[in-house]
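A quick write-up on the structure given underneath.
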Amino acid sequence: KLSLTKSGEKILSDNEKLLRTLFKHFAEKFNWPYFDGYGQHGVGQMGYGFSLILLGKYGAVKRKDHFYAEKYFRAYPMLLGHFQARPYSSGEDQAYRCYSIRTFDRFLDYLGLIKIESTGPRYDATKLIAKTPLFDKLFLVQPPGANAPN
């Protein structure tokens with residue numbers, strides 16, 4: 001049997017606080033590798049805010065998941081070392097897939113913040129990513145020094 005704590009019952013009446021709490025816990029406290037077999041490292045979860053910035057900047061147009069993965073690993077190159085070449089794919093290909101699955105399929109899509117269009121076989125599908133209107137309602141991404149809207 002599951003039951004809510006007193007603080008859990010209290011937070012249910014405040015939608016903004018509920019969303020903030022769920023988002024923060026999923027983004028920062030839940031162990032994303034539980035969802036996949038890629039191993040216990042921070043790919044995707046580490047720097048998830050950077051992924052949000054990328055989507056805020058580029059997400060109005062559908063772009064391949066590799067577009068974002070390339071920028072992510074340029075910012076966090078040390079994470080590429082967690083992946084070794086296999087007979088079926090390079091270490092870089094595995095890293096890009098791991099980032100895509102964790103960040104897009106199992107984080108942002110779950111929350112309705114992006115739309116994914118996939119074509120091709122499941123394992124080697126081409127994925128096009130675009131942000132949803134909900135993304136822009138929840139996040140404001142602007143360059144440093146820009147004035148925030150009133």
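Ligands are numbered from 1 in the order shown, residues from 1 within each chain, and chains are lettered A, B, ... in the order they appear in the structure tokens.
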* Tell me which protein, DNA and RNA residues are within 6 Å of segment 115-120 of chain A, counting only C-alpha atoms, leaving out same-chain ones fewer than 4 positions away, and put them as a PyMOL selection string. => chain A and resi 125-130
* Please return as a ChimeraX atom specification: the residues of segment 27-103 of chain A that backbone DSSP assigns to alpha helix (DSSP H). => /A:48-58,65-75,91-100
* To do: Quick one: everything within 9 Å of Leu80 of chain A, counting only C-alpha atoms, minus sequence neighbours fewer than 6 positions away in the same chain. Send it as a VMD selection string.
  => chain A and resid 43 73 91 to 92 95 to 96
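Using only C-alpha atoms, the shortest contact distance between Leu79 of chain A and any of A:Arg97, A:Lys137, A:His41, A:Arg122 is found at A:His41.
Atom to atom, atom CA of Lys131 of chain A and atom CA of Ala75 of chain A stand 20.9 Å apart.
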* For Gln142 of chain A: contacts at 9 Å, only C-alpha atoms, fewer than 3 positions along chain excluded, given as a list of chain:residue names -> A:Ile53, A:Gly56, A:Lys57, A:Gly145, A:Ala146, A:Asn147, A:Ala148
